[in-house]
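Asks: Sharing a structure here in structure tokens format.
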Amino acid sequence: MNNVINYNNDKGLLAYIEFLAASSLKPRNGNTDPVFDFENALDQTEMAQLAVDELKKIPEVNTLFQERWLPVHLDLDELANFPEGTLGHIYAREMKARGFDPDFYKKVPVVDDISYLKMLWRSTHDIYHVVAGFDTDVIGEIGLQAFVLAQTPIPISVMLVSFGMVMISLYQPTKFNDLMTEIARGYRLGSQTQGKLIAQKWDQFWDVQVSKIRASLGMTTIDSELATIV
């Protein structure tokens, strides 16, 4: 049987157990390195390759894999000069207001499709928050991961959604209903949005109104459910 757990797959499971034990999901001003270390550990699991294989079936995403496209360095001061309501202006405003660094994520050399997928996800993740309308707190983050999971089979999203449910239920049980509501909202929005967030070359949209971006992605029918990061 091809799906029998082997040593390499066990590495991913052990990394997940250690990740849970460390309670490593923290706000941006905390240490997020364990999140990226955990994602790196998933490289050797079968689902990582399956995720790449599924994503490359989408023509627009396959083009990105072939080009190895990644967004250029983000200058928040430059982006802030775009008109109000544009992706660049809102992104810069939100990042500055929260004290976030656009380059906070761990870099890895792009040597194959799996490493490219990681860098693509890491370098565009904060843009997703603006476009999909999810907050950057823990519950909002897990809601966004549910959105991504509904659109694309990225292993780290699967693990972070499950991790969020475990950690909130154990340590913040009064927030569990809020978490499940946000997970349900995220998955529903992701399922209903035809345009794939991961398929976009986002640095081509800095001067475009977020409302127009959402419309082009097919999110116009669900605007009433979007959070107010606009």
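In the structure tokens, each chain is lettered A, B, ... as it comes, each chain's residues begin at 1, and ligands are numbered from 1 in order of appearance.
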Using only C-alpha atoms, determine which residues lie at most 9 Å from stretch 54-60 of chain A, disregarding the query and same-chain residues fewer than 6 positions distant; provide the list as JSON, numbers by chain.

Replies: {"A": [152, 153, 154, 196, 199, 200]}

Asks: With all heavy atoms retained, write the just-selected residues as a PDB file, in the first residue's frame.

Replies:
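Final file, selection.pdb:
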ATOM      1  N   THR A 152      -7.368  25.946  -1.746  1.00  0.00           N
ATOM      2  CA  THR A 152      -6.157  25.245  -2.155  1.00  0.00           C
ATOM      3  C   THR A 152      -5.722  24.260  -1.066  1.00  0.00           C
ATOM      4  O   THR A 152      -5.856  24.547   0.120  1.00  0.00           O
ATOM      5  CB  THR A 152      -4.997  26.235  -2.394  1.00  0.00           C
ATOM      6  OG1 THR A 152      -4.817  27.044  -1.229  1.00  0.00           O
ATOM      7  CG2 THR A 152      -5.289  27.141  -3.577  1.00  0.00           C
ATOM      8  N   PRO A 153      -5.172  23.113  -1.463  1.00  0.00           N
ATOM      9  CA  PRO A 153      -4.802  22.077  -0.481  1.00  0.00           C
ATOM     10  C   PRO A 153      -3.413  22.292   0.106  1.00  0.00           C
ATOM     11  O   PRO A 153      -2.517  21.467  -0.062  1.00  0.00           O
ATOM     12  CB  PRO A 153      -4.850  20.804  -1.323  1.00  0.00           C
ATOM     13  CG  PRO A 153      -4.391  21.264  -2.677  1.00  0.00           C
ATOM     14  CD  PRO A 153      -4.943  22.667  -2.842  1.00  0.00           C
ATOM     15  N   ILE A 154      -3.204  23.420   0.798  1.00  0.00           N
ATOM     16  CA  ILE A 154      -1.887  23.693   1.364  1.00  0.00           C
ATOM     17  C   ILE A 154      -1.763  23.018   2.733  1.00  0.00           C
ATOM     18  O   ILE A 154      -2.572  23.286   3.631  1.00  0.00           O
ATOM     19  CB  ILE A 154      -1.658  25.210   1.497  1.00  0.00           C
ATOM     20  CG1 ILE A 154      -1.705  25.859   0.110  1.00  0.00           C
ATOM     21  CG2 ILE A 154      -0.333  25.510   2.172  1.00  0.00           C
ATOM     22  CD1 ILE A 154      -1.531  27.354   0.130  1.00  0.00           C
ATOM     23  N   LYS A 196      -8.780  32.155  -7.401  1.00  0.00           N
ATOM     24  CA  LYS A 196      -7.849  31.638  -6.399  1.00  0.00           C
ATOM     25  C   LYS A 196      -6.890  32.736  -5.949  1.00  0.00           C
ATOM     26  O   LYS A 196      -6.216  33.359  -6.775  1.00  0.00           O
ATOM     27  CB  LYS A 196      -7.042  30.472  -6.969  1.00  0.00           C
ATOM     28  CG  LYS A 196      -7.875  29.337  -7.541  1.00  0.00           C
ATOM     29  CD  LYS A 196      -8.648  28.610  -6.475  1.00  0.00           C
ATOM     30  CE  LYS A 196      -9.348  27.376  -7.063  1.00  0.00           C
ATOM     31  NZ  LYS A 196     -10.181  26.681  -6.059  1.00  0.00           N
ATOM     32  N   ALA A 199      -3.313  32.307  -7.058  1.00  0.00           N
ATOM     33  CA  ALA A 199      -3.019  32.390  -8.487  1.00  0.00           C
ATOM     34  C   ALA A 199      -2.703  33.807  -8.945  1.00  0.00           C
ATOM     35  O   ALA A 199      -2.382  34.018 -10.113  1.00  0.00           O
ATOM     36  CB  ALA A 199      -4.204  31.852  -9.291  1.00  0.00           C
ATOM     37  N   GLN A 200      -2.782  34.792  -8.038  1.00  0.00           N
ATOM     38  CA  GLN A 200      -2.654  36.201  -8.426  1.00  0.00           C
ATOM     39  C   GLN A 200      -1.219  36.703  -8.285  1.00  0.00           C
ATOM     40  O   GLN A 200      -0.523  36.362  -7.330  1.00  0.00           O
ATOM     41  CB  GLN A 200      -3.578  37.069  -7.558  1.00  0.00           C
ATOM     42  CG  GLN A 200      -4.997  36.545  -7.427  1.00  0.00           C
ATOM     43  CD  GLN A 200      -5.680  36.299  -8.762  1.00  0.00           C
ATOM     44  OE1 GLN A 200      -5.595  37.138  -9.663  1.00  0.00           O
ATOM     45  NE2 GLN A 200      -6.358  35.174  -8.885  1.00  0.00           N
TER      46      GLN A 200
END

Asks: Could you give me, as number ranges by chain, the residues within 6 Å of stretch 175-190 of chain A, counting only C-alpha atoms and dropping anything in the same chain fewer than 6 positions from it?

Replies: A: 139, 143-144, 146-147, 150-151, 168-169

Asks: May I have the residues from that selection written out with all heavy atoms, as a compact mmCIF listing (two decimals), in the first residue's frame?

Replies:
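Listed below is the output, selection-v3.txt:
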# COMPACT_ATOMS: atom_id res chain seq x y z
N ILE A 139 -7.88 34.27 16.07
CA ILE A 139 -9.12 33.76 15.49
C ILE A 139 -9.24 34.18 14.03
O ILE A 139 -9.64 33.39 13.17
CB ILE A 139 -10.34 34.23 16.32
CG1 ILE A 139 -10.34 33.50 17.67
CG2 ILE A 139 -11.64 33.97 15.57
CD1 ILE A 139 -11.48 33.88 18.60
N GLY A 143 -9.38 31.77 10.74
CA GLY A 143 -10.44 31.95 9.76
C GLY A 143 -9.88 32.08 8.36
O GLY A 143 -10.42 31.49 7.40
N LEU A 144 -8.80 32.83 8.22
CA LEU A 144 -8.16 32.98 6.91
C LEU A 144 -7.60 31.64 6.44
O LEU A 144 -7.69 31.30 5.25
CB LEU A 144 -7.04 34.01 6.98
CG LEU A 144 -6.24 34.20 5.69
CD1 LEU A 144 -7.14 34.68 4.55
CD2 LEU A 144 -5.09 35.18 5.91
N ALA A 146 -8.80 28.78 7.04
CA ALA A 146 -9.94 28.00 6.56
C ALA A 146 -10.33 28.44 5.15
O ALA A 146 -10.71 27.62 4.30
CB ALA A 146 -11.13 28.14 7.52
N PHE A 147 -10.27 29.76 4.90
CA PHE A 147 -10.52 30.29 3.56
C PHE A 147 -9.53 29.68 2.56
O PHE A 147 -9.92 29.18 1.49
CB PHE A 147 -10.39 31.81 3.58
CG PHE A 147 -10.66 32.48 2.26
CD1 PHE A 147 -11.86 33.13 2.02
CD2 PHE A 147 -9.69 32.48 1.26
CE1 PHE A 147 -12.10 33.76 0.80
CE2 PHE A 147 -9.92 33.10 0.04
CZ PHE A 147 -11.13 33.74 -0.19
N ALA A 150 -10.13 26.02 1.83
CA ALA A 150 -11.24 25.77 0.92
C ALA A 150 -10.84 25.98 -0.53
O ALA A 150 -11.42 25.37 -1.43
CB ALA A 150 -12.41 26.69 1.27
N GLN A 151 -9.85 26.84 -0.76
CA GLN A 151 -9.42 27.14 -2.12
C GLN A 151 -8.29 26.26 -2.61
O GLN A 151 -8.25 25.89 -3.79
CB GLN A 151 -8.98 28.60 -2.20
CG GLN A 151 -10.08 29.61 -2.16
CD GLN A 151 -9.72 30.85 -2.96
OE1 GLN A 151 -8.59 31.31 -2.95
NE2 GLN A 151 -10.70 31.38 -3.66
N ILE A 168 -7.39 26.64 21.25
CA ILE A 168 -8.48 27.47 21.78
C ILE A 168 -9.35 26.65 22.72
O ILE A 168 -9.75 27.11 23.80
CB ILE A 168 -9.32 28.07 20.65
CG1 ILE A 168 -8.49 29.09 19.85
CG2 ILE A 168 -10.58 28.73 21.19
CD1 ILE A 168 -8.10 30.33 20.61
N SER A 169 -9.66 25.40 22.34
CA SER A 169 -10.52 24.58 23.18
C SER A 169 -9.87 24.27 24.52
O SER A 169 -10.55 24.17 25.55
CB SER A 169 -10.90 23.28 22.46
OG SER A 169 -9.76 22.49 22.21

Asks: What does the distance from atom CA of A:Arg214 to atom CA of A:Gly133 come to in Å, to one decimal?

Replies: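 Spanning atom CA of A:Arg214 to atom CA of A:Gly133 is a straight-line distance of 10.0 Å.
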
Asks: Measuring atom to atom with only C-alpha atoms, identify which of A:Gln145, A:Phe36, A:Pro155, A:Glu94 is nearest to A:Gln49.

Replies: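 So, comparing all the options, the nearest one is A:Pro155.
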
Asks: Would you kindly return, as a compact mmCIF listing (two decimals) with N, CA and C atoms, in the first residue's frame, each protein, DNA or RNA residue with an atom no farther than 12 Å from any atom of A:Lys201, considering only C-alpha atoms and excluding same-chain residues fewer than 2 positions away?

Replies:
# COMPACT_ATOMS: atom_id res chain seq x y z
N GLU A 60 -3.37 28.98 -14.12
CA GLU A 60 -2.74 30.21 -13.64
C GLU A 60 -1.68 29.93 -12.59
N VAL A 61 -1.94 28.96 -11.73
CA VAL A 61 -0.97 28.62 -10.69
C VAL A 61 0.22 27.87 -11.31
N THR A 63 1.44 28.38 -14.15
CA THR A 63 2.29 29.41 -14.75
C THR A 63 3.21 30.02 -13.70
N LEU A 64 2.69 30.27 -12.50
CA LEU A 64 3.52 30.81 -11.44
C LEU A 64 4.63 29.84 -11.08
N PHE A 65 4.31 28.56 -11.02
CA PHE A 65 5.34 27.57 -10.71
C PHE A 65 6.43 27.58 -11.78
N GLU A 67 7.26 30.13 -13.75
CA GLU A 67 8.00 31.38 -13.73
C GLU A 67 8.75 31.60 -12.42
N ARG A 68 8.34 30.86 -11.36
CA ARG A 68 8.88 31.07 -10.02
C ARG A 68 8.64 32.53 -9.58
N TRP A 69 7.47 33.05 -9.91
CA TRP A 69 7.15 34.44 -9.55
C TRP A 69 7.02 34.60 -8.05
N LEU A 70 7.61 35.67 -7.53
CA LEU A 70 7.42 36.10 -6.15
C LEU A 70 7.31 37.62 -6.17
N PRO A 71 6.56 38.22 -5.26
CA PRO A 71 6.43 39.68 -5.26
C PRO A 71 7.76 40.34 -4.95
N VAL A 72 7.96 41.52 -5.55
CA VAL A 72 9.17 42.27 -5.27
C VAL A 72 9.11 42.82 -3.86
N LEU A 120 5.94 31.35 -1.95
CA LEU A 120 4.79 32.04 -2.53
C LEU A 120 3.75 32.32 -1.45
N TRP A 121 3.47 31.32 -0.63
CA TRP A 121 2.47 31.48 0.44
C TRP A 121 2.95 32.48 1.49
N SER A 123 5.17 34.94 1.28
CA SER A 123 5.38 36.31 0.82
C SER A 123 4.09 37.03 0.46
N THR A 124 3.00 36.31 0.30
CA THR A 124 1.72 36.94 -0.07
C THR A 124 0.67 36.82 1.02
N ILE A 127 -1.24 39.89 2.36
CA ILE A 127 -2.14 40.46 1.36
C ILE A 127 -3.49 39.76 1.42
N LYS A 196 -8.78 32.15 -7.40
CA LYS A 196 -7.85 31.64 -6.40
C LYS A 196 -6.89 32.74 -5.95
N LEU A 197 -6.81 32.99 -4.65
CA LEU A 197 -5.89 33.99 -4.16
C LEU A 197 -4.45 33.64 -4.53
N ILE A 198 -4.12 32.37 -4.48
CA ILE A 198 -2.75 31.95 -4.71
C ILE A 198 -2.34 32.08 -6.18
N ALA A 199 -3.31 32.31 -7.06
CA ALA A 199 -3.02 32.39 -8.49
C ALA A 199 -2.70 33.81 -8.95
N ASP A 203 1.52 42.07 -6.93
CA ASP A 203 2.15 43.37 -7.12
C ASP A 203 1.66 44.08 -8.38
N GLN A 204 0.76 43.44 -9.12
CA GLN A 204 0.11 44.10 -10.25
C GLN A 204 -1.18 44.81 -9.84
N PHE A 205 -1.56 44.67 -8.57
CA PHE A 205 -2.85 45.18 -8.12
C PHE A 205 -2.75 46.28 -7.07
N TRP A 206 -1.54 46.78 -6.81
CA TRP A 206 -1.40 47.77 -5.74
C TRP A 206 -2.28 49.00 -5.97
N ILE A 213 -11.00 44.30 -6.87
CA ILE A 213 -10.28 43.02 -6.80
C ILE A 213 -11.23 41.93 -6.34

Asks: Find, counting only C-alpha atoms, the residue in A:Asp207, A:Glu39, A:Asp126, A:Asp101 that gets nearest to A:Gly88.

Replies: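 The answer is A:Asp207, which sits nearest to A:Gly88.
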
Asks: Could you check which of A:Val158, A:Ala97, A:Val208, A:Val108 is closest to A:Asp37, using only C-alpha atoms?

Replies: A:Val108

Asks: Taking the backbone alone, and naming residues the way the document does, which bits of stretch 118-222 of chain A are helix (DSSP H, G or I) by DSSP, as number ranges by chain?

Replies: A: 118-132, 138-151, 155-171, 173-192, 197-199, 202-204, 210-217, 220-222

Asks: I'd like to know which of A:Leu217, A:Ala80, A:Ala48, A:Ala132 is closest to A:Arg93, using only C-alpha atoms.

Replies: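 With only C-alpha atoms as the atom set, the closest residue is A:Ala80.
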
Asks: Just checking: using only C-alpha atoms, which residue out of A:Ala51, A:Asp137, A:Arg122, A:Val166 ends up closest to A:Leu149?

Replies: A:Ala51

Asks: How far is it from atom CA of A:Gln194 to atom CA of A:Gly218, in Å with one decimal?

Replies: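 Calculated distance between atom CA of A:Gln194 and atom CA of A:Gly218 is 5.6 Å.
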